[in-house]
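Asker: First the structure, then my questions, so here it is.
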Amino acid sequence: MRLVQNLAVAITYLLTAKLGFLLALAHTNATAVWAPTGIALAACLVVGLHIWPGIFLGAFFANIMVLATGNFPSEPIMLLSLGTATGNTLEAVIGAYLIHRFISSKHPFDNTLNTIRFILLGALVSPLISATIGTAGFCMYTTVWSQYTPMWLTWWLGDAVGVLIFSPLFLTWEKRGTLYRNKRRTVEAAILVALFVLVEVIVFRLNFPLEYLIFPALFWTAFRFGQFESAVTVALVMVTFIFWTIKGFGPFVSTMLNNSLLFLQSYLGVASASTLIVSTLINARKLAEDRLREHQDNLENLVNMRTVELQETNERLQGEIDEHTKTEQMLLQALGELAIAKERAEAADQVKSAFLATMSHELRTPLNSIIGFTGILLQRLGGPINDEQEKQLTMVRKSAHHLLSLISDVLDISKIEAGQLKVIHEPFNIEESIIKIIQSIRPLAEKKGLVLNVDVAEGAGEICGDVRRVEQILFNLLSNAVKFTEYGSISVCCKLDNNSYMFSVTDTGIGIKNEDLEMLFKPFHQIDTGLNRKYEGTGLGLSICKRLVELMGGTMHIESSPGRGSIFGFTLPLERNPA
């Protein structure tokens, strides 16, 4: 049995390696994703560490197949293949050992903490072994050590992305859904596929730099379908993105091969890790809901059984007790059921609050790790990088910051709609806050040549509210004004009217049509849509601002006309009872 398993793994490793080179960039053996790494790690986790001979055999012949196309003598080819295969085998075995050591659950994607451990240990740590051994061996036999750092980085990222994309395919196989039995889900899947095709046409054929449009579609898959379907979707995105890049289309194409690989690998790594974490969060939420539902069903059964017993008891004792005793028994029973219902309702509310808190923390944690690792590379702590690589890594970090901001907005609107977002009611100086936000937004305005005017009422002082949320509202309105104003000026005004402060942000931008004003504050609604979309955004900022103003006891309004600019205004009371 073990012999059959080892032979199957060896053949699979060799075939996927062959397929991997079909996705290599033109006239090279360089591929953005090395699928055999993910398959080898999954095999060790599912079958066991005794599968290592099959991994070694497949890796050895795969390296022979690659090196035979070069100008190496036969003896160095054998030695180099043995060394590289050893690194590939150790990578899978040690990665599986670390995952078993630090993840006690049978399935590594049952909760977010285990998923993050899998990403760190399986996708980031274990590929260091293969990359180090393989790159050192290659440079030793070619004597070209100047390429060690870029080759090592490309090798490591290729193996890491291979783990992130292909290991989940096998480890979530038993969680696959029954899409073909649900016509509604089938239609939804077809719409999702059409959306993916549309995004790829926009990014690659129309050459719009909007490659991160694919993330909402990936998150949609995670929210509406299962973990296996999410893994399949990520794999399909990987194949199509590499295909377009091979054909010379899209934002990942560069005159330097290493830069194209680095940018594409970083993007695929962020996409696969983010989707994996989101799908784990949704799966954990569904498991928790199923447990609450099962508990509720059991409780209802117990209540029904108890009710039947009480009815029988009442019937048996009806002739022996007076009316007062029966009334007392019924009252006690009702009070007991009310107490149980109250406890269950409080427990359900605690679970919802815990889920929101966990989601807020766990979604940000991996993105902060991505930003941190990118910062380490930019600081050259892992070795020297050239200017173009620094530019690409800076783009990755900027995109990660953008994604973090997107997730923060989604979580804010979710907490607001769930009634979980609380605002603080404490005094603070409104003039200081306005000056702080103006200083942060002024470089953006000056970069576009816009005049920034500030008019704060004399004597503007303390106001009772949430300083962080007030500054968030002002920053969002000013950011929108700068975004949608190409020339002219932006004015910020703060006036005192009776017991309220009146704020306004006026711009000379593109303006808004009357028919669009009604939909402006709805979540995810954007006026600028379609293939020719010029301005980026999620459509959440204004909705969040309006909800925050209302939570602090104020109101928000807008005046605008096309081509003449807009005025966004809101009021906040000087003092407000937090109750």
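In the structure tokens, chains take letters A, B, ... by order of appearance, with residues numbered from 1 within each chain and ligands from 1 in the order shown.
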Report as a PyMOL selection string: the residues of segment 152-348 of chain A with a DSSP assignment of alpha helix (DSSP H), based on the backbone of this structure.
Answerer: chain A and resi 152-171+183-200+214-224+227-246+257-317+323-348
Asker: Please provide as an MDAnalysis selection string all residues within 8 Å of segment 478-482 of chain A, with the sequence filter that same-chain residues fewer than 3 positions apart are discarded (counting only C-alpha atoms).
Answerer: chainID A and resid 441 444:445 450 474:475 485:486 490 505:507 509
Asker: Only C-alpha atoms, please: the residues just picked out, written as a CSV table (one decimal), in the first residue's frame.
Answerer:
chain,number,residue,atom,x,y,z
A,441,ILE,CA,-5.1,66.4,3.8
A,444,LEU,CA,-2.9,65.8,-1.3
A,445,ALA,CA,-4.6,69.0,-2.2
A,450,LEU,CA,-6.0,72.9,-5.2
A,474,LEU,CA,-13.9,65.1,8.3
A,475,PHE,CA,-11.1,63.1,6.8
A,485,THR,CA,-11.9,68.0,-7.7
A,486,GLU,CA,-9.4,68.5,-10.6
A,490,ILE,CA,-11.9,73.2,-1.3
A,505,VAL,CA,-17.0,70.9,3.1
A,506,THR,CA,-17.3,72.8,-0.2
A,507,ASP,CA,-15.5,71.9,-3.5
A,509,GLY,CA,-15.4,69.4,-8.4
Asker: Closest to Phe243 of chain A among A:Leu367, A:Gly449, A:Glu200, A:Phe225, using only C-alpha atoms?
Answerer: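 Among the listed residues, the smallest separation from Phe243 of chain A belongs to A:Glu200.
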Asker: Give me, please, the distance in Å between atom CA of Ile94 of chain A and atom CA of Leu264 of chain A, quoted to one decimal.
Answerer: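 Those two atoms sit 26.7 Å apart.
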Asker: Segment 418-479 of chain A: which residues are strand (DSSP E or B) by DSSP, as a ChimeraX atom specification?
Answerer: /A:426-429,451-456,462-465
Asker: Save out the residues we just selected, N, CA and C atoms, as a PDB file, in the first residue's frame.
Answerer:
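Wrote part_11.pdb, looks like this:
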ATOM      1  N   GLU A 426     -17.514  62.270  25.117  1.00  0.00           N
ATOM      2  CA  GLU A 426     -16.608  62.954  26.032  1.00  0.00           C
ATOM      3  C   GLU A 426     -16.187  64.277  25.401  1.00  0.00           C
ATOM      4  N   PRO A 427     -15.855  65.272  26.192  1.00  0.00           N
ATOM      5  CA  PRO A 427     -15.506  66.587  25.635  1.00  0.00           C
ATOM      6  C   PRO A 427     -14.148  66.571  24.932  1.00  0.00           C
ATOM      7  N   PHE A 428     -14.029  67.312  23.824  1.00  0.00           N
ATOM      8  CA  PHE A 428     -12.758  67.497  23.128  1.00  0.00           C
ATOM      9  C   PHE A 428     -12.812  68.824  22.377  1.00  0.00           C
ATOM     10  N   ASN A 429     -11.641  69.339  21.979  1.00  0.00           N
ATOM     11  CA  ASN A 429     -11.541  70.631  21.315  1.00  0.00           C
ATOM     12  C   ASN A 429     -11.719  70.442  19.811  1.00  0.00           C
ATOM     13  N   VAL A 451      -6.556  74.880  -4.001  1.00  0.00           N
ATOM     14  CA  VAL A 451      -6.481  75.835  -2.897  1.00  0.00           C
ATOM     15  C   VAL A 451      -7.347  75.319  -1.757  1.00  0.00           C
ATOM     16  N   LEU A 452      -6.781  75.243  -0.557  1.00  0.00           N
ATOM     17  CA  LEU A 452      -7.496  74.715   0.604  1.00  0.00           C
ATOM     18  C   LEU A 452      -7.785  75.862   1.573  1.00  0.00           C
ATOM     19  N   ASN A 453      -9.066  76.209   1.754  1.00  0.00           N
ATOM     20  CA  ASN A 453      -9.479  77.303   2.622  1.00  0.00           C
ATOM     21  C   ASN A 453     -10.112  76.748   3.892  1.00  0.00           C
ATOM     22  N   VAL A 454      -9.852  77.421   5.024  1.00  0.00           N
ATOM     23  CA  VAL A 454     -10.381  76.975   6.314  1.00  0.00           C
ATOM     24  C   VAL A 454     -11.032  78.162   7.004  1.00  0.00           C
ATOM     25  N   ASP A 455     -12.264  77.973   7.460  1.00  0.00           N
ATOM     26  CA  ASP A 455     -12.993  79.030   8.165  1.00  0.00           C
ATOM     27  C   ASP A 455     -13.604  78.424   9.427  1.00  0.00           C
ATOM     28  N   VAL A 456     -12.919  78.608  10.559  1.00  0.00           N
ATOM     29  CA  VAL A 456     -13.390  78.087  11.834  1.00  0.00           C
ATOM     30  C   VAL A 456     -13.903  79.250  12.662  1.00  0.00           C
ATOM     31  N   GLU A 462     -14.887  73.421  22.993  1.00  0.00           N
ATOM     32  CA  GLU A 462     -15.175  72.032  23.298  1.00  0.00           C
ATOM     33  C   GLU A 462     -16.539  71.605  22.760  1.00  0.00           C
ATOM     34  N   ILE A 463     -16.602  70.324  22.427  1.00  0.00           N
ATOM     35  CA  ILE A 463     -17.831  69.675  21.986  1.00  0.00           C
ATOM     36  C   ILE A 463     -17.862  68.283  22.594  1.00  0.00           C
ATOM     37  N   CYS A 464     -19.028  67.752  22.879  1.00  0.00           N
ATOM     38  CA  CYS A 464     -19.150  66.424  23.488  1.00  0.00           C
ATOM     39  C   CYS A 464     -19.433  65.399  22.398  1.00  0.00           C
ATOM     40  N   GLY A 465     -18.522  64.464  22.226  1.00  0.00           N
ATOM     41  CA  GLY A 465     -18.700  63.437  21.195  1.00  0.00           C
ATOM     42  C   GLY A 465     -17.499  62.512  21.155  1.00  0.00           C
TER      43      GLY A 465
END
